[in-house]
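**Q** My structure is stored as final-v7.txt, with compact mmCIF, C-alpha atoms.
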```
# COMPACT_ATOMS: atom_id res chain seq x y z
CA MET Z 953 -54.66 35.20 28.28
CA LYS Z 954 -54.05 32.01 30.17
CA ALA Z 955 -52.06 29.97 27.65
CA PHE Z 956 -49.35 30.54 25.07
CA GLY Z 957 -47.60 28.57 22.38
CA PHE Z 958 -45.38 29.00 19.37
CA LEU Z 959 -46.47 29.33 15.75
CA SER Z 960 -43.92 28.13 13.20
CA PHE Z 961 -44.06 28.82 9.46
CA GLY Z 962 -41.65 25.97 8.76
CA HIS Z 963 -39.34 28.02 6.53
CA HIS Z 964 -36.56 25.92 5.00
CA SER Z 965 -33.84 26.24 2.40
CA VAL Z 966 -33.94 24.72 -1.09
CA GLY Z 967 -31.16 23.91 -3.52
CA GLU Z 968 -27.92 25.69 -2.69
CA GLN Z 969 -29.45 28.17 -0.27
CA GLU Z 970 -27.93 28.48 3.17
CA GLY Z 971 -29.85 27.34 6.21
CA MET Z 972 -31.72 24.25 7.31
CA ASP Z 973 -33.21 22.09 4.60
CA ALA Z 974 -36.70 20.56 4.83
CA ARG Z 975 -35.57 17.51 6.81
CA GLU Z 976 -33.61 19.56 9.33
CA THR Z 977 -36.48 21.99 9.69
CA LEU Z 978 -39.05 19.28 10.38
CA GLN Z 979 -36.76 17.60 12.90
CA SER Z 980 -35.95 20.89 14.64
CA GLN Z 981 -39.64 21.66 15.03
CA VAL Z 982 -40.20 18.34 16.78
CA GLU Z 983 -37.22 19.02 19.06
CA LEU Z 984 -38.49 22.53 19.83
CA ALA Z 985 -41.92 21.16 20.71
CA LYS Z 986 -40.35 18.58 23.05
CA ALA Z 987 -38.31 21.24 24.82
CA ALA Z 988 -41.26 23.64 24.97
CA ASP Z 989 -43.43 20.89 26.46
CA GLU Z 990 -40.93 20.44 29.27
CA ILE Z 991 -41.05 24.11 30.31
CA GLY Z 992 -44.84 24.25 30.38
CA VAL Z 993 -45.60 25.90 27.03
CA ASN Z 994 -49.20 25.16 26.12
CA GLY Z 995 -49.12 24.83 22.35
CA ALA Z 996 -47.06 23.99 19.26
CA TYR Z 997 -48.78 25.26 16.12
CA PHE Z 998 -47.68 25.07 12.50
CA ARG Z 999 -48.54 27.06 9.39
CA VAL Z 1000 -49.53 25.28 6.18
CA HIS Z 1001 -48.53 26.68 2.77
CA HIS Z 1002 -48.32 25.04 -0.63
CA PHE Z 1003 -45.87 25.68 -3.47
CA ALA Z 1004 -43.49 27.42 -1.06
CA PRO Z 1005 -40.44 26.30 0.97
CA GLN Z 1006 -42.49 26.32 4.16
CA GLY Z 1007 -44.58 23.89 6.17
CA ALA Z 1008 -47.09 21.72 4.28
CA SER Z 1009 -48.86 18.33 4.74
CA PRO Z 1010 -48.97 18.88 8.52
CA MET Z 1011 -50.33 15.54 9.73
CA PRO Z 1012 -46.96 13.68 9.80
CA LEU Z 1013 -45.42 16.53 11.78
CA LEU Z 1014 -48.35 16.76 14.19
CA GLY Z 1015 -48.22 13.00 14.74
CA ALA Z 1016 -44.48 13.14 15.42
CA VAL Z 1017 -44.94 15.94 17.96
CA ILE Z 1018 -47.79 14.12 19.69
CA GLY Z 1019 -45.64 11.01 20.00
CA ALA Z 1020 -42.70 12.97 21.41
CA THR Z 1021 -44.56 15.05 24.03
CA LYS Z 1022 -46.86 14.67 27.03
CA ASN Z 1023 -48.85 17.83 27.69
CA ILE Z 1024 -48.45 20.33 24.88
CA GLU Z 1025 -51.31 20.99 22.46
CA VAL Z 1026 -50.51 20.59 18.77
CA GLY Z 1027 -52.25 22.20 15.87
CA THR Z 1028 -52.29 24.11 12.62
CA GLY Z 1029 -52.62 27.76 11.80
CA VAL Z 1030 -54.14 27.05 9.28
CA ILE Z 1031 -54.90 24.20 6.85
CA ASP Z 1032 -55.99 25.59 3.48
CA LEU Z 1033 -59.23 23.74 2.77
CA ARG Z 1034 -59.05 24.50 -0.93
CA TYR Z 1035 -56.35 21.84 -1.22
CA GLU Z 1036 -58.04 19.17 0.90
CA ASN Z 1037 -60.31 16.20 0.45
CA PRO Z 1038 -62.65 16.94 3.37
CA PHE Z 1039 -63.46 13.32 4.15
CA TYR Z 1040 -59.86 12.11 4.11
CA LEU Z 1041 -58.93 15.10 6.27
CA ALA Z 1042 -61.72 14.08 8.67
CA GLU Z 1043 -60.26 10.57 8.93
CA GLU Z 1044 -56.76 11.92 9.57
CA ALA Z 1045 -57.98 14.49 12.10
CA ALA Z 1046 -60.00 11.93 14.04
CA ALA Z 1047 -57.07 9.52 14.23
CA LEU Z 1048 -54.78 12.33 15.36
CA ASP Z 1049 -57.26 13.47 18.02
CA LEU Z 1050 -57.60 9.96 19.39
CA LEU Z 1051 -53.83 9.49 19.53
CA ALA Z 1052 -53.44 12.90 21.18
CA ASP Z 1053 -56.10 12.40 23.86
CA GLY Z 1054 -57.62 15.73 22.88
CA ARG Z 1055 -54.36 17.70 22.57
CA VAL Z 1056 -55.33 19.03 19.15
CA ALA Z 1057 -56.18 22.52 17.87
CA LEU Z 1058 -56.90 22.01 14.19
CA GLY Z 1059 -57.03 25.41 12.49
CA VAL Z 1060 -58.65 25.49 9.06
CA SER Z 1061 -59.76 28.24 6.69
CA ARG Z 1062 -60.00 29.35 3.09
CA GLY Z 1063 -56.26 29.85 3.14
CA SER Z 1064 -54.00 32.79 2.39
CA PRO Z 1065 -52.60 34.26 -0.83
CA GLU Z 1066 -50.02 32.02 -2.47
CA PRO Z 1067 -47.19 32.22 -5.03
CA VAL Z 1068 -48.95 30.22 -7.75
CA LYS Z 1069 -52.08 30.75 -9.80
CA LYS Z 1070 -55.00 28.75 -8.36
CA GLY Z 1071 -52.76 26.08 -6.94
CA TRP Z 1072 -55.75 24.13 -5.68
CA GLU Z 1073 -56.68 23.39 -9.28
CA THR Z 1074 -53.30 21.67 -9.68
CA PHE Z 1075 -54.37 19.46 -6.78
CA GLY Z 1076 -57.56 18.60 -8.71
CA TYR Z 1077 -60.10 20.91 -7.09
CA LYS Z 1078 -62.12 23.66 -8.77
CA GLY Z 1079 -64.52 26.31 -7.52
CA GLU Z 1080 -66.48 29.17 -8.99
CA ALA Z 1081 -64.98 32.04 -6.99
CA PRO Z 1082 -61.60 33.35 -8.24
CA ASN Z 1083 -60.05 32.79 -4.81
CA GLY Z 1084 -61.74 29.44 -4.19
CA ALA Z 1085 -63.69 30.71 -1.19
CA ASP Z 1086 -66.91 28.98 -2.26
CA MET Z 1087 -65.13 25.63 -2.54
CA ALA Z 1088 -63.43 26.07 0.83
CA ARG Z 1089 -66.78 26.80 2.46
CA LYS Z 1090 -68.39 23.70 0.97
CA LYS Z 1091 -65.45 21.54 2.00
CA PHE Z 1092 -65.63 22.92 5.52
CA GLU Z 1093 -69.29 21.95 5.78
CA LEU Z 1094 -68.53 18.42 4.53
CA PHE Z 1095 -65.56 18.12 6.90
CA MET Z 1096 -67.63 19.16 9.91
CA ALA Z 1097 -70.44 16.79 8.96
CA ALA Z 1098 -67.95 13.94 8.70
CA ILE Z 1099 -66.24 14.54 12.04
CA ARG Z 1100 -69.65 14.92 13.70
CA GLY Z 1101 -70.44 11.38 12.66
CA TYR Z 1102 -73.05 12.04 10.00
CA ALA Z 1103 -73.55 9.41 7.33
CA ILE Z 1104 -71.79 10.24 4.07
CA ALA Z 1105 -71.93 6.98 2.08
CA GLU Z 1106 -74.27 4.07 1.36
CA ALA Z 1107 -73.46 0.40 1.90
CA ALA Z 1108 -73.20 -1.63 -1.30
CA SER Z 1109 -75.13 -4.78 -2.09
CA LEU Z 1110 -73.94 -7.95 -0.37
CA GLU Z 1111 -72.49 -9.20 -3.64
CA GLU Z 1112 -70.36 -6.07 -3.92
CA GLN Z 1113 -69.25 -5.84 -0.30
CA TYR Z 1114 -65.89 -7.22 0.75
CA PRO Z 1115 -65.85 -8.02 3.53
CA ARG Z 1116 -69.61 -8.33 4.04
CA MET Z 1117 -70.28 -6.08 7.00
CA TYR Z 1118 -73.42 -4.04 6.45
CA THR Z 1119 -77.04 -4.28 5.51
CA PRO Z 1120 -77.21 -3.07 1.91
CA GLY Z 1121 -78.32 0.50 1.55
CA ILE Z 1122 -77.69 1.67 5.10
CA GLU Z 1123 -75.88 4.96 5.45
CA LEU Z 1124 -72.37 4.99 6.90
CA PRO Z 1125 -70.07 7.57 8.51
CA ILE Z 1126 -66.30 7.78 8.21
CA PHE Z 1127 -64.06 5.89 10.64
CA PRO Z 1128 -62.48 6.42 13.10
CA HIS Z 1129 -64.75 8.77 14.99
CA SER Z 1130 -63.46 11.04 17.76
CA PRO Z 1131 -66.48 12.35 19.71
CA GLU Z 1132 -64.69 15.46 20.98
CA LEU Z 1133 -62.93 16.42 17.75
CA GLU Z 1134 -65.50 19.03 16.72
CA LYS Z 1135 -64.55 21.00 19.84
CA HIS Z 1136 -60.93 21.02 18.68
CA VAL Z 1137 -61.56 22.65 15.30
CA TRP Z 1138 -60.71 26.34 14.83
CA TRP Z 1139 -61.59 28.70 12.01
CA GLY Z 1140 -58.81 31.08 10.96
CA SER Z 1141 -60.63 34.38 10.70
CA GLY Z 1142 -59.48 37.68 9.26
CA THR Z 1143 -62.72 39.67 9.51
CA THR Z 1144 -65.61 40.23 11.88
CA LYS Z 1145 -67.97 38.62 9.37
CA THR Z 1146 -66.05 35.36 9.26
CA ALA Z 1147 -65.61 35.40 13.05
CA GLU Z 1148 -69.38 35.57 13.46
CA GLN Z 1149 -69.81 32.76 10.96
CA ALA Z 1150 -67.33 30.64 12.92
CA ALA Z 1151 -69.49 31.14 16.00
CA ARG Z 1152 -72.62 30.07 14.16
CA ASP Z 1153 -70.73 27.03 12.88
CA GLY Z 1154 -69.78 26.07 16.44
CA VAL Z 1155 -66.00 26.13 16.07
CA ASN Z 1156 -63.22 27.93 17.92
CA LEU Z 1157 -61.74 31.23 16.68
CA MET Z 1158 -58.14 31.68 15.53
CA SER Z 1159 -56.94 35.16 14.58
CA SER Z 1160 -53.53 35.97 13.15
CA THR Z 1161 -51.00 38.83 13.21
CA LEU Z 1162 -53.14 40.63 10.66
CA VAL Z 1163 -56.80 41.32 9.94
CA SER Z 1164 -58.40 42.17 6.62
CA GLU Z 1165 -59.86 45.38 8.03
CA ALA Z 1166 -58.48 48.86 8.65
CA ASP Z 1167 -60.25 51.86 10.17
CA GLY Z 1168 -57.43 53.51 12.10
CA SER Z 1169 -57.81 51.21 15.10
CA SER Z 1170 -54.91 49.09 16.32
CA LEU Z 1171 -54.75 45.39 15.51
CA GLY Z 1172 -55.58 44.62 19.13
CA GLU Z 1173 -58.66 46.84 19.02
CA LEU Z 1174 -59.86 45.32 15.75
CA GLN Z 1175 -59.38 41.80 17.04
CA ALA Z 1176 -61.01 42.59 20.37
CA ALA Z 1177 -64.08 43.81 18.46
CA GLN Z 1178 -64.04 40.59 16.42
CA ILE Z 1179 -63.84 38.51 19.57
CA ARG Z 1180 -66.80 40.36 21.11
CA ALA Z 1181 -68.82 39.84 17.93
CA TYR Z 1182 -67.82 36.17 17.87
CA ARG Z 1183 -68.84 35.57 21.47
CA ASN Z 1184 -72.13 37.40 20.99
CA ALA Z 1185 -72.89 35.26 17.94
CA TRP Z 1186 -71.86 32.15 19.88
CA GLN Z 1187 -74.29 32.98 22.64
CA ASP Z 1188 -77.06 33.72 20.14
CA ALA Z 1189 -76.44 30.35 18.48
CA GLY Z 1190 -77.07 28.60 21.81
CA HIS Z 1191 -73.99 26.35 21.87
CA ASP Z 1192 -73.57 24.60 25.22
CA TRP Z 1193 -69.78 24.74 25.63
CA ALA Z 1194 -67.16 27.47 26.05
CA PRO Z 1195 -65.14 28.04 22.84
CA ARG Z 1196 -61.44 28.80 22.59
CA VAL Z 1197 -60.04 32.01 21.09
CA SER Z 1198 -56.46 32.68 20.02
CA VAL Z 1199 -54.50 35.63 18.67
CA SER Z 1200 -50.96 35.71 17.28
CA ARG Z 1201 -48.16 38.18 17.91
CA SER Z 1202 -44.44 38.51 17.16
CA ILE Z 1203 -42.77 38.87 20.58
CA PHE Z 1204 -39.09 38.83 21.54
CA PRO Z 1205 -38.25 39.24 25.26
CA ILE Z 1206 -34.85 40.89 25.72
CA VAL Z 1207 -33.14 39.57 28.85
CA SER Z 1208 -29.50 39.38 27.78
CA GLY Z 1209 -26.95 41.01 25.54
CA GLU Z 1210 -27.33 38.10 23.14
CA ASP Z 1211 -31.09 38.71 22.93
CA GLN Z 1212 -30.50 42.40 22.28
CA LYS Z 1213 -28.01 41.66 19.51
CA GLN Z 1214 -30.20 39.06 17.83
CA PHE Z 1215 -33.68 40.53 18.25
CA GLY Z 1216 -33.44 44.09 19.54
CA LEU Z 1217 -33.67 45.78 16.14
CA LEU Z 1218 -36.85 43.89 15.21
CA ALA Z 1219 -39.10 46.07 17.37
CA SER Z 1220 -41.65 48.30 15.66
CA SER Z 1221 -43.53 51.08 17.41
CA GLU Z 1222 -46.91 50.67 15.72
CA ASP Z 1223 -49.05 48.51 13.47
CA GLN Z 1224 -48.87 48.88 9.71
CA VAL Z 1225 -51.59 49.13 7.07
CA GLY Z 1226 -51.22 47.60 3.62
CA TYR Z 1227 -53.12 45.53 1.08
CA ILE Z 1228 -53.60 41.80 0.52
CA GLU Z 1229 -55.67 40.73 -2.49
CA SER Z 1230 -56.74 44.38 -2.89
CA THR Z 1231 -58.13 44.39 0.66
CA LYS Z 1232 -56.95 47.02 3.12
CA THR Z 1233 -55.28 45.11 5.93
CA THR Z 1234 -53.88 45.89 9.38
CA PHE Z 1235 -50.58 44.16 10.17
CA GLY Z 1236 -49.47 43.75 13.77
CA ARG Z 1237 -46.32 45.30 15.15
CA THR Z 1238 -43.31 43.33 16.38
CA TYR Z 1239 -42.60 43.49 20.11
CA ALA Z 1240 -38.97 43.33 21.25
CA ALA Z 1241 -38.16 44.79 24.66
CA GLU Z 1242 -37.17 44.05 28.23
CA PRO Z 1243 -39.76 42.04 30.20
CA ASP Z 1244 -41.16 44.95 32.22
CA VAL Z 1245 -41.77 46.93 29.03
CA LEU Z 1246 -43.28 43.93 27.27
CA ILE Z 1247 -45.63 43.25 30.16
CA GLU Z 1248 -47.05 46.76 29.98
CA GLN Z 1249 -47.29 46.69 26.18
CA LEU Z 1250 -49.04 43.34 26.08
CA LYS Z 1251 -51.38 44.19 28.95
CA ALA Z 1252 -52.48 47.20 26.90
CA ASP Z 1253 -53.47 44.94 23.97
CA PRO Z 1254 -57.22 44.26 24.37
CA ALA Z 1255 -57.19 41.22 22.07
CA ILE Z 1256 -54.53 39.45 24.14
CA ALA Z 1257 -56.63 40.14 27.23
CA ALA Z 1258 -59.76 38.78 25.55
CA ALA Z 1259 -58.19 35.61 24.07
CA ASP Z 1260 -57.45 32.54 26.14
CA THR Z 1261 -54.43 31.63 23.98
CA LEU Z 1262 -51.54 33.68 22.60
CA MET Z 1263 -49.55 32.24 19.70
CA ILE Z 1264 -46.03 33.64 19.40
CA THR Z 1265 -44.69 33.56 15.86
CA ILE Z 1266 -41.10 32.37 15.81
CA PRO Z 1267 -38.18 32.62 13.35
CA ASN Z 1268 -38.01 28.85 12.99
CA GLN Z 1269 -35.14 29.05 10.49
CA LEU Z 1270 -32.82 30.00 13.38
CA GLY Z 1271 -33.14 26.52 14.84
CA VAL Z 1272 -34.03 25.16 18.25
CA GLU Z 1273 -31.79 27.08 20.69
CA PRO Z 1274 -32.72 30.70 19.81
CA ASN Z 1275 -36.41 29.87 19.63
CA LEU Z 1276 -36.39 27.94 22.87
CA ARG Z 1277 -34.70 30.96 24.44
CA ILE Z 1278 -37.59 33.15 23.24
CA LEU Z 1279 -40.13 30.77 24.78
CA GLN Z 1280 -38.14 30.32 27.99
CA ASN Z 1281 -37.73 34.06 28.46
CA PHE Z 1282 -41.42 34.63 27.85
CA ALA Z 1283 -42.40 31.84 30.25
CA GLU Z 1284 -40.10 33.01 33.02
CA HIS Z 1285 -40.34 36.79 32.76
CA VAL Z 1286 -43.55 37.80 30.97
CA ALA Z 1287 -46.27 35.16 30.81
CA PRO Z 1288 -46.95 34.88 34.57
CA GLU Z 1289 -47.87 38.57 34.66
CA LEU Z 1290 -50.43 38.00 31.88
CA GLY Z 1291 -52.24 35.17 33.64
CA TRP Z 1292 -50.38 32.19 32.23
CA ILE Z 1293 -51.29 28.67 33.41
CA PRO Z 1294 -48.57 26.10 32.45
CA ASN Z 1295 -49.49 22.96 30.51
CA THR Z 1296 -48.97 20.78 33.58
CA GLU Z 1297 -52.25 22.18 34.89
CA GLY Z 1298 -54.21 20.42 32.15
CA LEU Z 1299 -55.76 21.22 28.78
CA VAL Z 1300 -56.65 24.83 28.05
CA GLU Z 1301 -60.30 25.78 28.36
CA GLY Z 1302 -62.07 28.76 26.85
CA TYR Z 1303 -63.38 31.64 28.91
CA PRO Z 1304 -67.03 31.13 29.93
CA ILE Z 1305 -69.53 33.18 27.91
CA ASP Z 1306 -72.04 34.92 30.14
```
Can you give me the file's structure in the form of structure tokens?

**A**
Amino acid sequence: MKAFGFLSFGHHSVGEQEGMDARETLQSQVELAKAADEIGVNGAYFRVHHFAPQGASPMPLLGAVIGATKNIEVGTGVIDLRYENPFYLAEEAAALDLLADGRVALGVSRGSPEPVKKGWETFGYKGEAPNGADMARKKFELFMAAIRGYAIAEAASLEEQYPRMYTPGIELPIFPHSPELEKHVWWGSGTTKTAEQAARDGVNLMSSTLVSEADGSSLGELQAAQIRAYRNAWQDAGHDWAPRVSVSRSIFPIVSGEDQKQFGLLASSEDQVGYIESTKTTFGRTYAAEPDVLIEQLKADPAIAAADTLMITIPNQLGVEPNLRILQNFAEHVAPELGWIPNTEGLVEGYPID
């Protein structure tokens, strides 16, 4: 690990519920990103969920964070491609990347289980697979083609063009084009198979606090194996640049009585195994301990050691101050012992693949 950031789900209240509403939540996430930027945190990442009181339509938030910060990377973990128009997303992503001067980590994937039945169909998209995986894959291919500058449309006749700009019949790409954007795309992977596919596709790898595999190994061991498989597949594919790899964990450094009171009881001693969509899944443990204990626990996690970036999931509904305290405590007392390089040292780069 050489970089870390926070991953926010964007939970907010609705109706008469207590807690921050959607507006307050969005504003607090911008404020947290600004404060995190100032203490050297490398990334501000946001989950995307539909039909739930959580983060959605991430581009306005990412743009606001970019405009309010100087060094921190901004991104998603992850955009559900089943709900997206791939070409419009390509336009938005390119504009964001150009505004951000490369400070973008755009995580995309098939998406996670949701509270509604085939919500993507409500958005006007249909696929053959019950979970929409086939549609997400096709959209991903179209999205990557678009951001790589491939032609996707044909110029109309001169009589139909307004304004008249092109020779009729020539093929046209989307605009704007950000030449480096393809290197800022991540695939959110939950299995070794999809990690290897991400490598063949030439995109970075983003792994979460769970994997859709379970064989008795710890989450860190399963993810470390995925990362090895990903890097082997990357090398076999012959890509000429070093990809990024991230993993996510729930981590609460305890450095005061207030920390102990607020987060001390969240600690769990081991990973858990359960089911998502009938698939046996390994869920990561929650770390909450004094810095010296955390350092040893996290050093023993092979996936954290293998990844260049660690995303710390935060309880965003608590607001700015408690979450900034988590990040500050981690930056001051834990991260330096794990190899952390603050954001003032420049953009994060992936580990070279031998």

**Q** Got a sec: who's within 12 Å of Leu1299 of chain Z, counting only C-alpha atoms, leaving out chain neighbours fewer than 4 positions off, as a ChimeraX atom specification?

**A** /Z:954-956,992-995,1022-1026,1052-1057,1136,1196,1260-1261,1293-1295

**Q** Using all atoms listed in the file, determine which residues lie at most 12 Å from Tyr997 of chain Z, disregarding the query and same-chain residues fewer than 5 positions distant; provide the list as a short mmCIF file (atom, residue, chain, number, x, y, z; two decimals) with C-alpha atoms, in the frame of the given file.

**A**
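Result file is selection.cif:
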```
data_model
loop_
_atom_site.label_atom_id
_atom_site.label_comp_id
_atom_site.auth_asym_id
_atom_site.auth_seq_id
_atom_site.Cartn_x
_atom_site.Cartn_y
_atom_site.Cartn_z
CA PHE Z 956 -49.35 30.54 25.07
CA GLY Z 957 -47.60 28.57 22.38
CA PHE Z 958 -45.38 29.00 19.37
CA LEU Z 959 -46.47 29.33 15.75
CA SER Z 960 -43.92 28.13 13.20
CA PHE Z 961 -44.06 28.82 9.46
CA GLY Z 962 -41.65 25.97 8.76
CA GLN Z 981 -39.64 21.66 15.03
CA VAL Z 982 -40.20 18.34 16.78
CA LEU Z 984 -38.49 22.53 19.83
CA ALA Z 985 -41.92 21.16 20.71
CA ALA Z 988 -41.26 23.64 24.97
CA GLY Z 1007 -44.58 23.89 6.17
CA PRO Z 1010 -48.97 18.88 8.52
CA MET Z 1011 -50.33 15.54 9.73
CA LEU Z 1013 -45.42 16.53 11.78
CA LEU Z 1014 -48.35 16.76 14.19
CA VAL Z 1017 -44.94 15.94 17.96
CA ILE Z 1018 -47.79 14.12 19.69
CA ILE Z 1024 -48.45 20.33 24.88
CA GLU Z 1025 -51.31 20.99 22.46
CA VAL Z 1026 -50.51 20.59 18.77
CA GLY Z 1027 -52.25 22.20 15.87
CA THR Z 1028 -52.29 24.11 12.62
CA GLY Z 1029 -52.62 27.76 11.80
CA VAL Z 1030 -54.14 27.05 9.28
CA ILE Z 1031 -54.90 24.20 6.85
CA ARG Z 1055 -54.36 17.70 22.57
CA VAL Z 1056 -55.33 19.03 19.15
CA ALA Z 1057 -56.18 22.52 17.87
CA LEU Z 1058 -56.90 22.01 14.19
CA GLY Z 1059 -57.03 25.41 12.49
CA MET Z 1158 -58.14 31.68 15.53
CA SER Z 1198 -56.46 32.68 20.02
CA SER Z 1200 -50.96 35.71 17.28
CA THR Z 1261 -54.43 31.63 23.98
CA LEU Z 1262 -51.54 33.68 22.60
CA MET Z 1263 -49.55 32.24 19.70
CA ILE Z 1264 -46.03 33.64 19.40
CA THR Z 1265 -44.69 33.56 15.86
CA ILE Z 1266 -41.10 32.37 15.81
CA ASN Z 1268 -38.01 28.85 12.99
#
```

**Q** For Asp1192 of chain Z, which residue out of Z:Gln1178, Z:Lys1135, Z:Ala1045, Z:Pro1120 is the nearest one, using all atoms listed in the file?

**A**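 Smallest separation from Asp1192 of chain Z among the options: Z:Lys1135.
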
**Q** Taking 3 positions as the minimum chain separation for residues in the same chain, which residues sit within 6 Å of segment 1211-1222 of chain Z when counting all atoms listed in the file? Answer as a PyMOL selection string.

**A** chain Z and resi 1206+1208+1237-1240

**Q** Which is closest to Gly1140 of chain Z among Z:Ala1097, Z:Leu1033, Z:Leu1110, Z:Ala1177, if we use all atoms listed in the file?

**A** Z:Leu1033

**Q** Looking at Z:Thr1231, Z:Asn1037, Z:Ser1109, Z:Thr1021, which one is nearest to Thr1143 of chain Z, with distances taken over all atoms listed in the file?

**A**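 Residue with the minimum atom-to-atom distance to Thr1143 of chain Z: Z:Thr1231.
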
**Q** Kindly extract all protein, DNA and RNA residues lying within 9 Å of the coordinates (-37.8, 37.3, 31.8) given in the file, considering only C-alpha atoms, and supply them as a VMD selection string.

**A** chain Z and resid 1205 to 1207 1242 to 1244 1280 to 1287

**Q** Nearest residue to Asp1049 of chain Z out of Z:His1129, Z:Ser1170, Z:Glu968, Z:His963, using all atoms listed in the file?

**A**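 Of Z:His1129, Z:Ser1170, Z:Glu968, Z:His963, the one nearest Asp1049 of chain Z, counting all atoms listed in the file, is Z:His1129.
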
**Q** Excluding same-chain residues fewer than 6 positions from segment 1144-1150 of chain Z, what lies within 10 Å of it counting only C-alpha atoms, as a list in words?

**A**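 Everything that qualifies: Ser1061, Trp1138, Asn1156, Leu1157, Met1158, Ser1159, Val1163, Ser1164, Glu1165, Leu1174, Gln1175, Ala1176, Ala1177, Gln1178, Ile1179, Arg1180, Ala1181, Tyr1182, Arg1183, Asn1184, Ala1185 and Trp1186 of chain Z.
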
**Q** For Arg999 of chain Z, which residue out of Z:Glu1111, Z:Asp1032, Z:Glu983, Z:Glu976 is the nearest one, using only C-alpha atoms?

**A**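 Result for the nearest residue to Arg999 of chain Z: Z:Asp1032.
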
**Q** Separation of atom CA of Gly1154 of chain Z and atom CA of Tyr1102 of chain Z, in Å?

**A** 15.8 Å

**Q** What is the distance, in Å and to one decimal place, between atom CA of Gly1142 of chain Z and atom CA of Ser1009 of chain Z?

**A**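 If I compute the distance from atom CA of Gly1142 of chain Z to atom CA of Ser1009 of chain Z, I get 22.5 Å.
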